[in-house]
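Here the structure is laid out as structure tokens; the discussion comes afterwards.
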There are 4 protein chains.
Amino acid sequence: MDERTPTAVLGAAGIIGQHFARLLADHPHFAPPLLVGAPRSRGARFGDLWTLAEPVPSALADERVRSPGPAELARRGVRLVFSALPSGRAGVIETDLARRGLDVFTNASDHRGDPAVPLLVPEANPQHLELLRRRRTRGVVVANPNCTATGLTLALAPVVDLLAPASIHVATYQALSGAGSPGVPSLAITDNVIPLIPDEEEKVARESGRILGTVGPKGIRRWPGDIVAQCVRVGVRDGHLEAVTVVARRRPTLRALLRRWTEFDPLRERALPTAPAPPVLVRPESDRPQPLLDRWAGAPASARGMAVSVGRVRWDPPYLRFFVLSHNAVRGGAGGSVLNAELVRSWLAEGSPRWGPPR
Amino acid sequence: MDERTPTAVLGAAGIIGQHFARLLADHPHFAPPLLVGAPRSRGARFGDLWTLAEPVPSALADERVRSPGPAELARRGVRLVFSALPSGRAGVIETDLARRGLDVFTNASDHRGDPAVPLLVPEANPQHLELLRRRRTRGVVVANPNCTATGLTLALAPVVDLLAPASIHVATYQALSGAGSPGVPSLAITDNVIPLIPDEEEKVARESGRILGTVGPKGIRRWPGDIVAQCVRVGVRDGHLEAVTVVARRRPTLRALLRRWTEFDPLRERALPTAPAPPVLVRPESDRPQPLLDRWAGAPASARGMAVSVGRVRWDPPYLRFFVLSHNAVRGGAGGSVLNAELVRSWLAEGSPRWGPPR
Amino acid sequence: MDERTPTAVLGAAGIIGQHFARLLADHPHFAPPLLVGAPRSRGARFGDLWTLAEPVPSALADERVRSPGPAELARRGVRLVFSALPSGRAGVIETDLARRGLDVFTNASDHRGDPAVPLLVPEANPQHLELLRRRRTRGVVVANPNCTATGLTLALAPVVDLLAPASIHVATYQALSGAGSPGVPSLAITDNVIPLIPDEEEKVARESGRILGTVGPKGIRRWPGDIVAQCVRVGVRDGHLEAVTVVARRRPTLRALLRRWTEFDPLRERALPTAPAPPVLVRPESDRPQPLLDRWAGAPASARGMAVSVGRVRWDPPYLRFFVLSHNAVRGGAGGSVLNAELVRSWLAEGSPRWGPPR
Amino acid sequence: MDERTPTAVLGAAGIIGQHFARLLADHPHFAPPLLVGAPRSRGARFGDLWTLAEPVPSALADERVRSPGPAELARRGVRLVFSALPSGRAGVIETDLARRGLDVFTNASDHRGDPAVPLLVPEANPQHLELLRRRRTRGVVVANPNCTATGLTLALAPVVDLLAPASIHVATYQALSGAGSPGVPSLAITDNVIPLIPDEEEKVARESGRILGTVGPKGIRRWPGDIVAQCVRVGVRDGHLEAVTVVARRRPTLRALLRRWTEFDPLRERALPTAPAPPVLVRPESDRPQPLLDRWAGAPASARGMAVSVGRVRWDPPYLRFFVLSHNAVRGGAGGSVLNAELVRSWLAEGSPRWGPPR
């Protein structure tokens, strides 16, 4: 008998949904997901909706897309829901599911500001799981952040206390898959870049400040420095590159900074299947990271696309410059939430109470 | 009889050289250039070497590439030389030409640090022509800056005193034509961006600091703030986009900043053919400037590609964010030097030799 | 007083509509058009809807999009209508306009099979205007063919009788703008080509056969050979390239074939503003035509993008191979219909109404 | 002890060489190769030369590139040589190696016309191995064909006798990696396609005719029909797409054609590691094959990129149209030669004589 937790993916037909399906098709802890889509794709063969360049998982290719509501999902025994629903529509459904006792791991932005929802990057802010004590629902809701904020905070987490930044400046080179499907028209981007991704700069600043913040008695105290972002779409399929400049108030050695990155591996003990080891790769080459070459970074094989790659580290105090690259749809999307679910499962397995009853 | 000044273009077969030829083929003050290339292309029909998407000028298509040395150029009566020679090889030849009394306007970097050579962006630092008093050659050498520094300083010149920046952060999205020919291999850039342009970040900082500097009795006093650059190649044919964040010490109103940009037109009186009017266009749209749509900005027709476009101006003191776009091979290359030559000619035509004999 | 014919462009907000506007903004015979769009864009400033890389014509940038019906168009005095309406919706409206006495020149496919509508490429089949005698409406309807068929038939028209082809094989490399707006998603085409353009292969065969056909007492007798097409979308902004192989039954000399192409200029006498002279350019280089370099071919300036470029002519009897390139949205779209209108106007101006009253 | 055959890869630093290394790093029959490069890359760490988007095999990343001559290769005990040498330089070296008793499997074109060298596509013409009886060297030389001819002949082999073609017309959409490294400049191909690949059309015709030919007492009798090719470079990283039109003399049913393709699997019994099963995939979708989605086709995992994908089969007698896609650098390059070596090894293992002594 399959002892793996029964799961569902909401919004399975989209890019993030397909990545969820890919990651869950053969997962040691989670059973292959029920594929949930909008009514208009109900009954479609999943393999026929597939658009990723990676092959459709054979275990799911012949599955049909369904469109059950929250009550039916609960009735079918689903325990864990991965949500790739469009922001705006996701929130109400996710809350409904959590009320029914299902645990929700979501890529949507609706709950990212909710004081009882951890905005979680497992290696960066696992302590934010404490927020779950504040929840009002039987099930939990845990959100992964915006794709750009994910890469940024993973790169900053190991070094931010050493640097004590006054401000952090980030300019992005964001991939097409970040715009979903159909996304950016080819005529808009061929021989072009577009210096606007609506709301993205605000999200990067707001969410990164929260992730780097501390948990206090009144909830999250956001990180106090300024995060100043400029976000640009480029004609790359996958992989967000970010040019980061930290204006530092402290002056650690470059060696100390590099050691922090290379030794960073806070999840090692937990042996989570989707956790990359190490999570931050420092590239020694002069011209890396590059989206084409580094987006699938991450070992072991089950963590492909989950590591972030840092490179071109230049430290001219007070300015630390580097580039960071992450796979926006894997590390910054579906993979982020799968790892979140693995961390929660691991935490619960330690025998600790399920953060007590909801308030 | 043609009263226009006889000219030559050195390095005519390259991308910048072809733009020089395009701009000089039908110029009111300068005669169509002698086309000078490396010995290996000697005798080639210019039209057969042409690689730009813009059509080869009919007046030059059937001209042959020649390879005279400096002495022969002087003998042939050439007075004005536009140099698109590769940096490293350019310096000696340019000095030789200036010693022989020819005026040299160069896109090469060899002389950009020379204390007697103005690093000139006509609208931004015309007063730097004063440096010509220090020259030791009969002819003058005037350099246009690095393509990225050109766009950056043109955007900053009108507002830098209002802002009194502590630091300026710039991340670039640089076009393929900036790498010359053959340049970036297609396999390196298709579905990719490359976070390295050798020496570019240093050039942007060094040259922009000089252009924004003031002329004193001991030469240029560079602008005292920090310019922190990160430079990236993207898969765009032409047009460098730059994401600029100014960390300001003063707090002007946004209105004052915008007025500075829109009213900026210091060359208006001179009616230079290649001078765009106005030189800085402020785009009101939320998603501009874009390389595809804005690289050829500039009116009148003779100044196409000479204006820079500023957009997405966001002023959250102390952070001023904006994007600037310029045509790297026109405004940031050949067109920059043609405009430099027009300015020098105009200055001399005012009746007073402004810089006397060489030292 | 403006003696030019009052015009309107239907579907002005689309790619073909914008090209119509560009070509008519400053036309010697036709007045700047009334810009007609769907109700949802009514009142929008035309410049704000503009998406082409070519600049919006200043004469039209501040015009508002309107959405009058056929009756109102007639009432406003419009005489000539250029239609960029979507196929399927266009036919009924175009017929209504023609019934009211307006002349319609259309890029839509609805009337392309109509026995009273010339499917016209002025240089290739001007004699098809005879069909207008069969019309049942006061105004005329004249259609330009599918963009791929236009380039193909222009290249074939001068040589088809010399070759007497048994079959013609064509494989295409079609540009993104051919799919309209928003058109092909960037994720579908980046690092990819797509071997399907719905209905295109049938259109190319059917329409080319008609254009190359002869007018007889019972209408068009289509050209009797086989036209076998394979159509592919590639990641190019503008310009359809076609690889053509003619299986010939006759064996003219290569010289005779080339002379036919280079001497082809049947409209010369008429001096139509949008007619390129010559209409077929034979490129001598080994690697042309190329979309990037040749799509805007055509002289004089008013005929830019109206010439087709033929190259790599290889004659190994019975196989004649060549490439032909044409600007799909200009020659194969808006420009084609503008030239059609110029030809009709010229024909009428010869003093004799050539086609009498409607049946 | 490693019982696998000792191997070397010549030209290991190029694109095909890297694919050879990738395929041989962990092969059940062949030992990880000695990596041989030009003197200028001697001593370089292989991982530092790696340019493919696929990761460098960990077993070879730290190996150094060497540059032994043929004699030294023999002395080191190498038995099997895979050659990715540039055509023109390859022939002499390969013959020298074969004289010394090493078996050579080559991607270079120098020996493709040699009457004692099989031009081998294992599924299509295994009987051509008979030519090895004619060899004059102790070792054998076996060549894989041009990448475009490989895909074409694999698609044609199962159906050619059913169709009895009068002529075969093929137009190609060839990937950038086919041009090697540095290959096509980005400025030549961005927003463009290039209708010239030098010598390619001749190679496709000549080599395909040979592969489809029969072995007779006097050597190969080439296939008698005409193969008419037009070859174009497109901006795709990997995967050659070909639009094929067969002008048939017979009229099988479509069903019979499809059955031939789907049942085609002549190597099944041999269980070769790099042999895809099946070798020809017929895609049912209306818009496939596509380079992005189908280039890595092939099962099992060790045969990824080795299957060809056929799609859009349209049979309007006498014209059979279809598209075929193959990974040019794997199936059409390194993988082709690895499979050739596997087939030769399998054949020898049957106990049959090594084709007798050399003549």
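All residue names refer to the structure tokens as shown: chains lettered A, B, ... in order, residues numbered from 1 in each chain, ligands numbered from 1 in order.
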
How close does stretch 8-60 of chain D get to stretch 85-93 of chain D? List, as CSV, each residue of stretch 8-60 of chain D within 10 Å, its nearest atom pair and the distance in Å to one decimal, counting only C-alpha atoms.
```
residue,atom,partner,partner_atom,distance
D:Val9,CA,D:Leu85,CA,9.1
D:Leu10,CA,D:Leu85,CA,6.0
D:Gly11,CA,D:Leu85,CA,4.9
D:Ala12,CA,D:Leu85,CA,8.4
D:Ala13,CA,D:Leu85,CA,9.9
D:Gly14,CA,D:Leu85,CA,8.7
D:Ile16,CA,D:Leu85,CA,9.0
D:Gly17,CA,D:Leu85,CA,8.3
D:Val36,CA,D:Leu85,CA,9.9
D:Gly37,CA,D:Leu85,CA,9.0
D:Ala38,CA,D:Leu85,CA,9.6
```

Checklist entry - Which parts of stretch 171-297 of chain D does DSSP call strand (DSSP E) when run on the backbone here, written out as number ranges by chain? => result D: 171-173, 214-216, 219-221, 226-230, 240-248, 280-282

Next on the checklist: My list of candidates is B:Ser177, B:Thr7, B:Ser58, B:Asn146. Which is closest to chain D when distances are computed with only C-alpha atoms?
Outcome noted: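 Nearest to chain D: B:Ser177.
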
Set the cut-off to 6 Å and count only C-alpha atoms: what are the residues of chain B that reach chain D? Output as a compact mmCIF listing (two decimals) with C-alpha atoms, in the first residue's frame.
```txt
# COMPACT_ATOMS: atom_id res chain seq x y z
CA PRO B 182 32.33 38.68 -35.34
CA VAL B 184 29.44 37.11 -29.53
CA PRO B 185 28.89 33.59 -30.90
CA SER B 186 25.24 32.76 -31.32
```

Return as a CSV table (one decimal) with N, CA and C atoms, in the first residue's frame the full set of residues in stretch 287-338 of chain C whose backbone-based DSSP assignment is helix (DSSP H, G or I).
```csv
chain,number,residue,atom,x,y,z
C,291,PRO,N,16.1,37.7,-44.3
C,291,PRO,CA,15.1,38.6,-43.8
C,291,PRO,C,15.6,39.9,-43.2
C,292,LEU,N,16.7,39.8,-42.4
C,292,LEU,CA,17.2,41.0,-41.7
C,292,LEU,C,17.7,42.0,-42.7
C,293,LEU,N,18.3,41.6,-43.8
C,293,LEU,CA,18.9,42.5,-44.7
C,293,LEU,C,18.1,42.9,-45.9
C,294,ASP,N,17.1,42.1,-46.2
C,294,ASP,CA,16.4,42.4,-47.5
C,294,ASP,C,14.9,42.7,-47.4
C,301,ALA,N,11.9,55.5,-52.2
C,301,ALA,CA,11.6,55.4,-50.7
C,301,ALA,C,10.1,55.1,-50.4
C,302,SER,N,9.2,55.5,-51.3
C,302,SER,CA,7.8,55.2,-51.1
C,302,SER,C,7.5,53.8,-51.3
C,303,ALA,N,8.4,53.0,-51.9
C,303,ALA,CA,8.1,51.6,-52.2
C,303,ALA,C,9.0,50.7,-51.3
C,330,VAL,N,4.2,44.2,-45.5
C,330,VAL,CA,4.2,45.3,-46.4
C,330,VAL,C,3.8,44.7,-47.8
C,331,ARG,N,4.8,44.2,-48.5
C,331,ARG,CA,4.4,43.6,-49.8
C,331,ARG,C,3.3,42.6,-49.7
C,332,GLY,N,3.4,41.7,-48.7
C,332,GLY,CA,2.4,40.6,-48.5
C,332,GLY,C,1.2,41.0,-47.8
C,333,GLY,N,1.0,42.3,-47.5
C,333,GLY,CA,-0.1,42.8,-46.7
C,333,GLY,C,-0.6,44.1,-47.1
C,334,ALA,N,-0.4,45.1,-46.2
C,334,ALA,CA,-0.9,46.5,-46.4
C,334,ALA,C,-0.4,47.1,-47.7
C,335,GLY,N,0.9,47.0,-48.0
C,335,GLY,CA,1.5,47.6,-49.2
C,335,GLY,C,0.9,47.0,-50.4
C,336,GLY,N,0.6,45.7,-50.4
C,336,GLY,CA,0.0,45.0,-51.5
C,336,GLY,C,-1.4,45.6,-51.9
C,337,SER,N,-2.2,45.9,-50.9
C,337,SER,CA,-3.5,46.5,-51.1
C,337,SER,C,-3.4,48.0,-51.5
C,338,VAL,N,-2.4,48.7,-51.0
C,338,VAL,CA,-2.3,50.1,-51.4
C,338,VAL,C,-1.9,50.1,-52.9
```

Checklist entry - Pairing every Cα of chain A with chain C in order, what RMSD remains after the least-squares superposition? => result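 RMSD over all C-alpha atoms: 0.3 Å.
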
Please provide the set of residues having any atom within 9 Å of stretch 195-202 of chain A, restricted to only C-alpha atoms, with same-chain residues fewer than 4 positions apart removed, written as a CSV table (one decimal) with C-alpha atoms, in the first residue's frame.
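out_12.csv written:
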```csv
chain,number,residue,atom,x,y,z
A,146,ASN,CA,8.2,35.6,-5.6
A,148,THR,CA,13.1,36.9,-7.8
A,174,GLN,CA,14.1,37.7,-15.8
A,179,ALA,CA,5.3,35.5,-17.1
A,206,ARG,CA,8.5,43.7,0.4
A,207,GLU,CA,8.9,40.0,0.4
A,228,VAL,CA,15.8,48.8,-4.2
A,229,ALA,CA,14.9,46.8,-7.3
A,230,GLN,CA,14.7,47.3,-11.0
A,231,CYS,CA,13.1,44.5,-12.9
A,232,VAL,CA,13.5,43.6,-16.6
A,233,ARG,CA,12.3,40.9,-18.8
A,234,VAL,CA,14.8,39.3,-21.2
B,241,LEU,CA,19.6,49.8,-21.8
B,243,ALA,CA,19.0,50.6,-15.0
B,286,SER,CA,5.1,52.6,-18.1
B,287,ASP,CA,7.3,50.2,-20.1
B,288,ARG,CA,9.7,52.3,-22.0
B,289,PRO,CA,12.5,52.8,-23.1
B,290,GLN,CA,13.0,49.6,-25.0
B,312,ARG,CA,10.3,54.7,-15.6
B,323,PHE,CA,16.1,53.5,-17.2
```
